[in-house]
Each structure stands twice: as C-alpha cells, then as structure tokens.
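Containing mmCIF, C-alpha atoms: protein-v2.cif.
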data_coords
#
loop_
_atom_site.group_PDB
_atom_site.id
_atom_site.type_symbol
_atom_site.label_atom_id
_atom_site.label_comp_id
_atom_site.auth_asym_id
_atom_site.auth_seq_id
_atom_site.Cartn_x
_atom_site.Cartn_y
_atom_site.Cartn_z
ATOM 1 C CA MET A 740 0.000 0.000 0.000
ATOM 2 C CA ILE A 741 2.861 2.376 0.828
ATOM 3 C CA ALA A 742 4.511 1.566 -2.499
ATOM 4 C CA THR A 743 1.217 2.299 -4.270
ATOM 5 C CA VAL A 744 0.918 5.719 -2.624
ATOM 6 C CA ALA A 745 4.555 6.527 -3.409
ATOM 7 C CA THR A 746 4.196 5.497 -7.062
ATOM 8 C CA SER A 747 0.947 7.435 -7.357
ATOM 9 C CA SER A 748 2.563 10.570 -5.906
ATOM 10 C CA LEU A 749 5.459 10.275 -8.349
ATOM 11 C CA LEU A 750 3.155 9.877 -11.354
ATOM 12 C CA ILE A 751 0.982 12.791 -10.213
ATOM 13 C CA ALA A 752 4.068 14.991 -9.878
ATOM 14 C CA ILE A 753 5.220 14.044 -13.387
ATOM 15 C CA ALA A 754 1.751 14.676 -14.830
ATOM 16 C CA SER A 755 1.593 18.031 -13.037
ATOM 17 C CA GLN A 756 4.854 19.087 -14.626
ATOM 18 C CA ILE A 757 3.696 18.024 -18.081
ATOM 19 C CA THR A 758 0.309 19.747 -17.815
ATOM 20 C CA GLN A 759 1.631 22.698 -15.762
ATOM 21 C CA ASN A 760 -1.128 22.024 -13.211
ATOM 22 C CA GLN A 761 -3.767 23.157 -15.683
ATOM 23 C CA PRO A 762 -6.894 21.122 -16.511
ATOM 24 C CA HIS A 763 -7.406 20.302 -20.164
ATOM 25 C CA GLY A 764 -11.012 20.140 -21.321
ATOM 26 C CA PHE A 765 -12.439 18.111 -24.153
ATOM 27 C CA PRO A 766 -13.753 19.796 -27.321
ATOM 28 C CA GLN A 767 -17.194 21.298 -26.796
ATOM 29 C CA LYS A 768 -18.918 18.804 -29.093
ATOM 30 C CA ALA A 769 -17.009 15.741 -27.914
ATOM 31 C CA PHE A 770 -19.954 14.438 -25.866
ATOM 32 C CA VAL A 771 -23.660 15.091 -26.227
ATOM 33 C CA VAL A 772 -25.065 15.339 -22.702
ATOM 34 C CA GLU A 773 -28.759 14.636 -22.169
ATOM 35 C CA SER A 774 -30.572 14.722 -18.839
ATOM 36 C CA TYR A 775 -33.341 12.431 -17.605
ATOM 37 C CA VAL A 776 -35.429 12.428 -14.454
ATOM 38 C CA VAL A 777 -35.733 8.989 -12.850
ATOM 39 C CA TRP A 778 -37.842 8.754 -9.673
ATOM 40 C CA GLY A 779 -37.278 12.442 -9.022
ATOM 41 C CA VAL A 780 -33.509 12.208 -9.502
ATOM 42 C CA ARG A 781 -31.840 13.951 -12.437
ATOM 43 C CA ILE A 782 -29.286 11.766 -14.207
ATOM 44 C CA THR A 783 -27.381 12.277 -17.448
ATOM 45 C CA ASN A 784 -26.669 9.829 -20.238
ATOM 46 C CA ILE A 785 -22.957 10.048 -19.360
ATOM 47 C CA GLN A 786 -23.702 8.911 -15.808
ATOM 48 C CA ILE A 787 -25.816 6.031 -17.120
ATOM 49 C CA ILE A 788 -22.966 4.917 -19.385
ATOM 50 C CA ILE A 789 -20.545 5.092 -16.451
ATOM 51 C CA LEU A 790 -22.871 2.983 -14.281
ATOM 52 C CA ILE A 791 -23.223 0.367 -17.025
ATOM 53 C CA CYS A 792 -19.456 0.226 -17.607
ATOM 54 C CA ALA A 793 -18.780 -0.076 -13.873
ATOM 55 C CA ALA A 794 -21.358 -2.857 -13.508
ATOM 56 C CA LEU A 795 -19.958 -4.783 -16.483
ATOM 57 C CA ALA A 796 -16.383 -4.387 -15.239
ATOM 58 C CA SER A 797 -17.352 -5.603 -11.755
ATOM 59 C CA TRP A 798 -19.189 -8.591 -13.221
ATOM 60 C CA ALA A 799 -16.216 -9.447 -15.447
ATOM 61 C CA VAL A 800 -13.784 -9.352 -12.524
ATOM 62 C CA ALA A 801 -16.116 -11.426 -10.338
ATOM 63 C CA TRP A 802 -16.583 -14.016 -13.094
ATOM 64 C CA PHE A 803 -12.836 -14.188 -13.719
ATOM 65 C CA ILE A 804 -12.022 -14.756 -10.052
ATOM 66 C CA LYS A 805 -14.814 -17.259 -9.381
ATOM 67 C CA ARG A 806 -15.105 -19.217 -12.639
ATOM 68 C CA SER A 807 -11.858 -19.170 -14.606
ATOM 69 C CA LYS A 808 -8.839 -21.378 -13.948
ATOM 70 C CA GLN A 809 -6.618 -18.315 -13.768
ATOM 71 C CA GLY A 810 -8.952 -16.811 -11.194
ATOM 72 C CA GLN A 811 -8.817 -19.946 -9.059
ATOM 73 C CA ALA A 812 -5.030 -19.896 -9.325
ATOM 74 C CA LEU A 813 -5.074 -16.253 -8.243
ATOM 75 C CA ARG A 814 -7.169 -17.124 -5.199
ATOM 76 C CA ALA A 815 -4.758 -19.920 -4.308
ATOM 77 C CA LEU A 816 -1.848 -17.508 -4.719
ATOM 78 C CA SER A 817 -3.433 -14.963 -2.389
ATOM 79 C CA VAL A 818 -3.932 -17.594 0.329
ATOM 80 C CA ASP A 819 -0.576 -19.410 0.167
ATOM 81 C CA ARG A 820 2.062 -18.518 -2.411
ATOM 82 C CA ASP A 821 4.285 -21.522 -1.650
ATOM 83 C CA MET A 822 1.411 -23.995 -1.887
ATOM 84 C CA ALA A 823 0.268 -22.434 -5.156
ATOM 85 C CA THR A 824 3.788 -22.891 -6.529
ATOM 86 C CA LEU A 825 3.763 -26.569 -5.509
ATOM 87 C CA LEU A 826 0.453 -26.980 -7.344
ATOM 88 C CA GLY A 827 2.056 -25.759 -10.565
ATOM 89 C CA VAL A 828 0.919 -22.146 -10.561
ATOM 90 C CA SER A 829 3.358 -19.755 -12.233
ATOM 91 C CA THR A 830 3.202 -17.253 -9.408
ATOM 92 C CA ASP A 831 5.496 -14.632 -10.937
ATOM 93 C CA ARG A 832 3.656 -14.606 -14.255
ATOM 94 C CA LEU A 833 0.277 -14.554 -12.524
ATOM 95 C CA SER A 834 1.368 -11.694 -10.263
ATOM 96 C CA MET A 835 2.471 -9.644 -13.270
ATOM 97 C CA ALA A 836 -0.785 -10.408 -15.088
ATOM 98 C CA THR A 837 -2.744 -9.347 -12.006
ATOM 99 C CA MET A 838 -0.856 -6.058 -11.830
ATOM 100 C CA ALA A 839 -1.536 -5.482 -15.522
ATOM 101 C CA GLY A 840 -5.238 -6.220 -15.030
ATOM 102 C CA ALA A 841 -5.413 -3.867 -12.049
ATOM 103 C CA GLY A 842 -3.727 -1.176 -14.124
ATOM 104 C CA ALA A 843 -6.244 -1.703 -16.919
ATOM 105 C CA MET A 844 -9.147 -1.335 -14.473
ATOM 106 C CA ALA A 845 -7.578 1.831 -13.048
ATOM 107 C CA GLY A 846 -7.181 3.145 -16.597
ATOM 108 C CA LEU A 847 -10.847 2.443 -17.316
ATOM 109 C CA ALA A 848 -11.824 4.280 -14.132
ATOM 110 C CA GLY A 849 -9.663 7.225 -15.188
ATOM 111 C CA VAL A 850 -11.297 7.382 -18.607
ATOM 112 C CA LEU A 851 -14.796 7.277 -17.097
ATOM 113 C CA LEU A 852 -13.865 9.956 -14.566
ATOM 114 C CA ALA A 853 -12.459 12.181 -17.306
ATOM 115 C CA VAL A 854 -15.600 11.753 -19.399
ATOM 116 C CA HIS A 855 -17.767 12.600 -16.384
ATOM 117 C CA SER A 856 -15.667 15.677 -15.553
ATOM 118 C CA ASN A 857 -15.339 16.656 -19.230
ATOM 119 C CA ALA A 858 -11.682 17.442 -18.530
ATOM 120 C CA ILE A 859 -8.329 15.865 -17.747
ATOM 121 C CA ASP A 860 -6.420 16.989 -14.680
ATOM 122 C CA ALA A 861 -3.285 15.587 -13.056
ATOM 123 C CA HIS A 862 -4.967 15.633 -9.638
ATOM 124 C CA MET A 863 -8.428 14.459 -10.713
ATOM 125 C CA GLY A 864 -8.182 10.998 -9.132
ATOM 126 C CA GLU A 865 -6.108 11.940 -6.117
ATOM 127 C CA SER A 866 -9.063 12.340 -3.767
ATOM 128 C CA LEU A 867 -10.524 9.028 -4.903
ATOM 129 C CA LEU A 868 -7.369 7.120 -3.935
ATOM 130 C CA PHE A 869 -8.121 7.673 -0.245
ATOM 131 C CA LYS A 870 -11.676 6.431 -0.739
ATOM 132 C CA ALA A 871 -10.420 3.364 -2.612
ATOM 133 C CA PHE A 872 -8.198 2.444 0.332
ATOM 134 C CA ALA A 873 -11.166 2.958 2.665
ATOM 135 C CA ILE A 874 -13.297 0.580 0.589
ATOM 136 C CA ILE A 875 -10.519 -2.037 0.566
ATOM 137 C CA ILE A 876 -10.180 -1.849 4.349
ATOM 138 C CA ILE A 877 -13.938 -2.042 4.933
ATOM 139 C CA ALA A 878 -14.659 -4.814 2.421
ATOM 140 C CA GLY A 879 -11.594 -6.940 3.066
ATOM 141 C CA VAL A 880 -10.072 -9.342 0.577
ATOM 142 C CA GLY A 881 -11.874 -11.758 -1.688
ATOM 143 C CA SER A 882 -15.408 -10.581 -2.362
ATOM 144 C CA ILE A 883 -16.443 -8.362 -5.259
ATOM 145 C CA GLY A 884 -19.931 -8.119 -3.768
ATOM 146 C CA ALA A 885 -18.600 -6.875 -0.435
ATOM 147 C CA THR A 886 -16.492 -4.302 -2.269
ATOM 148 C CA VAL A 887 -19.529 -3.015 -4.181
ATOM 149 C CA VAL A 888 -21.606 -2.874 -0.978
ATOM 150 C CA ALA A 889 -18.815 -1.041 0.856
ATOM 151 C CA ALA A 890 -18.499 1.460 -2.004
ATOM 152 C CA PHE A 891 -22.243 2.186 -2.035
ATOM 153 C CA CYS A 892 -22.374 2.513 1.765
ATOM 154 C CA LEU A 893 -19.401 4.859 1.805
ATOM 155 C CA ALA A 894 -20.927 6.996 -0.954
ATOM 156 C CA MET A 895 -24.242 7.135 0.919
ATOM 157 C CA ILE A 896 -22.525 8.157 4.155
ATOM 158 C CA GLU A 897 -20.586 10.907 2.380
ATOM 159 C CA THR A 898 -23.757 12.180 0.722
ATOM 160 C CA LEU A 899 -25.688 12.241 4.008
ATOM 161 C CA VAL A 900 -22.852 14.027 5.814
ATOM 162 C CA ALA A 901 -22.647 16.647 3.058
ATOM 163 C CA ALA A 902 -26.425 17.109 2.903
ATOM 164 C CA TYR A 903 -27.315 17.165 6.607
ATOM 165 C CA TRP A 904 -24.083 18.187 8.319
ATOM 166 C CA ILE A 905 -20.908 19.837 6.983
ATOM 167 C CA SER A 906 -19.553 18.868 3.574
ATOM 168 C CA SER A 907 -15.955 19.416 4.678
ATOM 169 C CA MET A 908 -16.421 16.725 7.345
ATOM 170 C CA ARG A 909 -16.891 13.930 4.804
ATOM 171 C CA ASP A 910 -13.242 12.869 4.820
ATOM 172 C CA VAL A 911 -13.139 13.070 8.618
ATOM 173 C CA VAL A 912 -16.088 10.688 8.879
ATOM 174 C CA VAL A 913 -14.514 8.309 6.352
ATOM 175 C CA PHE A 914 -11.247 8.352 8.306
ATOM 176 C CA ALA A 915 -13.156 7.589 11.521
ATOM 177 C CA ILE A 916 -14.822 4.609 9.809
ATOM 178 C CA ILE A 917 -11.423 3.346 8.634
ATOM 179 C CA MET A 918 -10.018 3.595 12.160
ATOM 180 C CA ALA A 919 -13.035 1.763 13.572
ATOM 181 C CA PHE A 920 -12.601 -1.114 11.116
ATOM 182 C CA LEU A 921 -8.844 -1.290 11.707
ATOM 183 C CA ILE A 922 -9.469 -1.592 15.446
ATOM 184 C CA LEU A 923 -12.619 -3.742 15.541
ATOM 185 C CA ARG A 924 -12.405 -5.794 12.333
ATOM 186 C CA PRO A 925 -9.080 -5.331 10.520
ATOM 187 C CA GLN A 926 -9.750 -8.291 8.214
ATOM 188 C CA GLY A 927 -12.803 -6.579 6.700
ATOM 189 C CA ILE A 928 -16.361 -7.817 6.283
ATOM 190 C CA ALA A 929 -15.604 -10.416 3.587
ATOM 191 C CA SER A 930 -12.737 -12.355 5.140
ATOM 192 C CA ARG A 931 -14.740 -15.394 6.274
ATOM 193 C CA ALA A 932 -16.402 -15.860 2.905
ATOM 194 C CA TRP A 933 -12.990 -15.620 1.239
ATOM 195 C CA GLN A 934 -11.506 -18.254 3.547
ATOM 196 C CA ARG A 935 -14.423 -20.648 3.000
ATOM 197 C CA ALA A 936 -14.136 -20.220 -0.781
#
Serialized structure, structure tokens:
Amino acid sequence: MIATVATSSLLIAIASQITQNQPHGFPQKAFVVESYVVWGVRITNIQIIILICAALASWAVAWFIKRSKQGQALRALSVDRDMATLLGVSTDRLSMATMAGAGAMAGLAGVLLAVHSNAIDAHMGESLLFKAFAIIIIAGVGSIGATVVAAFCLAMIETLVAAYWISSMRDVVVFAIIMAFLILRPQGIASRAWQRA
C-alpha cells in the first residue's frame, strides 16, 4: 500500500509538470449530454454509461475470479504462495498479469472519470485514492460483492454528511470509519467468505 501511494505521488508529480497544473477540457462537441429524471432524480446519459461500464467491469472481474482457472489460481496464490507454486501455478507470471489487469481497471476508471468531468487533470483521481483504500479496508479481501456494498455505503454516508451536516467533514467521517474497522475488524467484512471459498 505504501509503495502504491509513493508510485501514485510520483506519477501525479510528473503529470503536473507536463500539464503545468492546468486542466485540459475536451472539445465542446465531444460528448452530447442529455438529462433524464428517474424517480425524481436527475441523471445524465454520461452517468448512465458510467454505471453500465462499472457494472460490467465488476461482473467481469467477479466471473474471472470465481469461474476461470486463472482466477482460481489467483485465489490460491493470495492464500498461500508456496502452496500455489507446488500446485504448478506460475506465481510470478500470474502476479504480473494481475498487476496489468489492475492497471487496466484503473485506466478504465480514469477514462470514465475524465468523461464525467469533461476534462483531464493531473490531480483528478487523487481524492478518490483515499476512498479506494477505505473501501478495501472495509470490504476486506476476496469478495467483489462486499467491495460493491462497501463502495455504495461509503458513498451514501458521504452524501448524508454533506447534505445534513458539513460537507468538509466527509473525509473526517470516512477516516473515523477506517479507524473503527482497523481496530474492531481489521480483516474486513468479507474475510470469512474468502476463507471458506
């Protein structure tokens, strides 16, 4: 996790130098934005596309981990690297493939975020990195469903804090939740299901 933060900070610094800390917007006609009202909530076609892409990506990752041979090997690797090696799993190759897949998912998230913001900024995903770590800590390892539930719950808590309390306290509340999980349940909410699987 520390290496991830350090690498992210380095890449953000490089991107800031290249872009001179200035956001770069898309051409005005790059995306046609249309608004709809669903159950009293206004939502745009861009947001619908993002939701569909996120749902499909989550389903694809869940299917890969649960159903494919490579996914089963990855689960074995996460539990016991030495035992996975004895079973014939190429742990180094699988680790590199996993890193590449994680990078691809992060790239997809960056593209969707840029489309939603209608601009590219070196610091655009920086605030989301903290929330991603919070979701990982809350959900634990091994369950896509728990990760999705944790993400929705965290988003709902942030929205309620911003709407009914003070918007600047959102990160404070999230940090308090992280500390509570680290003290009371450091393994996350999905650890037992992961061990049984």
* Do you know which residues are at most 9 Å from region 915-926 of chain A counting only C-alpha atoms, after dropping those on the same chain fewer than 5 positions away, and could you put them as a PyMOL selection string? -> chain A and resi 872-874+876-880+910+931
* Can you list, as number ranges by chain, every protein, DNA or RNA residue that comes within 7 Å of region 741-752 of chain A when you count only C-alpha atoms, leaving out same-chain residues fewer than 4 positions away? -> A: 756, 861-862
For those residues, write C-alpha atoms to a file as a PDB file, in the frame of the given file.
ATOM      1  CA  GLN A 756       4.854  19.087 -14.626  1.00  0.00           C
ATOM      2  CA  ALA A 861      -3.285  15.587 -13.056  1.00  0.00           C
ATOM      3  CA  HIS A 862      -4.967  15.633  -9.638  1.00  0.00           C
TER       4      HIS A 862
END
* Asked: What separation in Å, quoted to one decimal, exists between CA of Ala845 (chain A) and CA of Ile883 (chain A)?
  -> 15.6 Å
* **Within 10 Å of region 769-777 of chain A using all atoms listed in the file, minus same-chain residues under 6 positions, as a list in words** => Thr783, Asn784, Ile785, Gln786, Ile787, Val854, His855 and Asn857 of chain A
* To do: Step by step: start from the point (-12.8, -2.3, -3.5) in the file's coordinates, keep every protein, DNA or RNA residue that has an atom no farther than 12 Å from it, count only C-alpha atoms, and write the set as a PyMOL selection string.
  => chain A and resi 797+800-801+841+844-845+867-893+927-929
* Please, what distance in Å, to one decimal, runs between CA of Leu795 (chain A) and CA of Leu851 (chain A)? -> 13.1 Å
With the cut-off set at 10 Å and counting all atoms listed in the file, tabulate each residue of region 835-908 of chain A with an atom at most that distance from an atom of region 818-831 of chain A, showing the nearest atom pair and its distance in Å to one decimal, ordered by chain and increasing number, as JSON lines.
{"residue": "A:Met835", "atom": "CA", "partner": "A:Asp831", "partner_atom": "CA", "distance": 6.3}
{"residue": "A:Ala836", "atom": "CA", "partner": "A:Asp831", "partner_atom": "CA", "distance": 8.6}
{"residue": "A:Thr837", "atom": "CA", "partner": "A:Asp831", "partner_atom": "CA", "distance": 9.8}
* Mind giving me the straight-line distance from CA of Glu897 (chain A) to CA of Arg909 (chain A) in Å, one decimal? => 5.4 Å
For region 900-918 of chain A, what centre and edge lengths in Å (one decimal) does the axis-aligned box get once 5 Å is added on each side of all its listed atoms, as AutoDock Vina command-line options?
--center_x -18.7 --center_y 11.6 --center_z 7.5 --size_x 27.3 --size_y 26.5 --size_z 19.3
* Compare A:Gly779, A:Gly764, A:Gly840, A:Gly810 by their minimum atom-to-atom distance to Ser856 (chain A), counting all atoms listed in the file, and give me the closest one. =>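 Residue with the minimum atom-to-atom distance to Ser856 (chain A): A:Gly764.
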* Skip Gln761 (chain A) itself and residues of its chain fewer than 2 positions away, then list as a list in words all residues within 12 Å of it, counting all atoms listed in the file. =>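 Non-adjacent residues within range: Ala754, Ser755, Gln756, Ile757, Thr758, Gln759, His763, Gly764, Ala858, Ile859, Asp860, Ala861, His862 and Met863 of chain A.
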* Looking at all atoms listed in the file, which of A:Ala796, A:Ile753, A:Ala902, A:Leu852 is the one that sits closest to Gly864 (chain A)? ->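 For Gly864 (chain A), the nearest of the given residues is A:Leu852.
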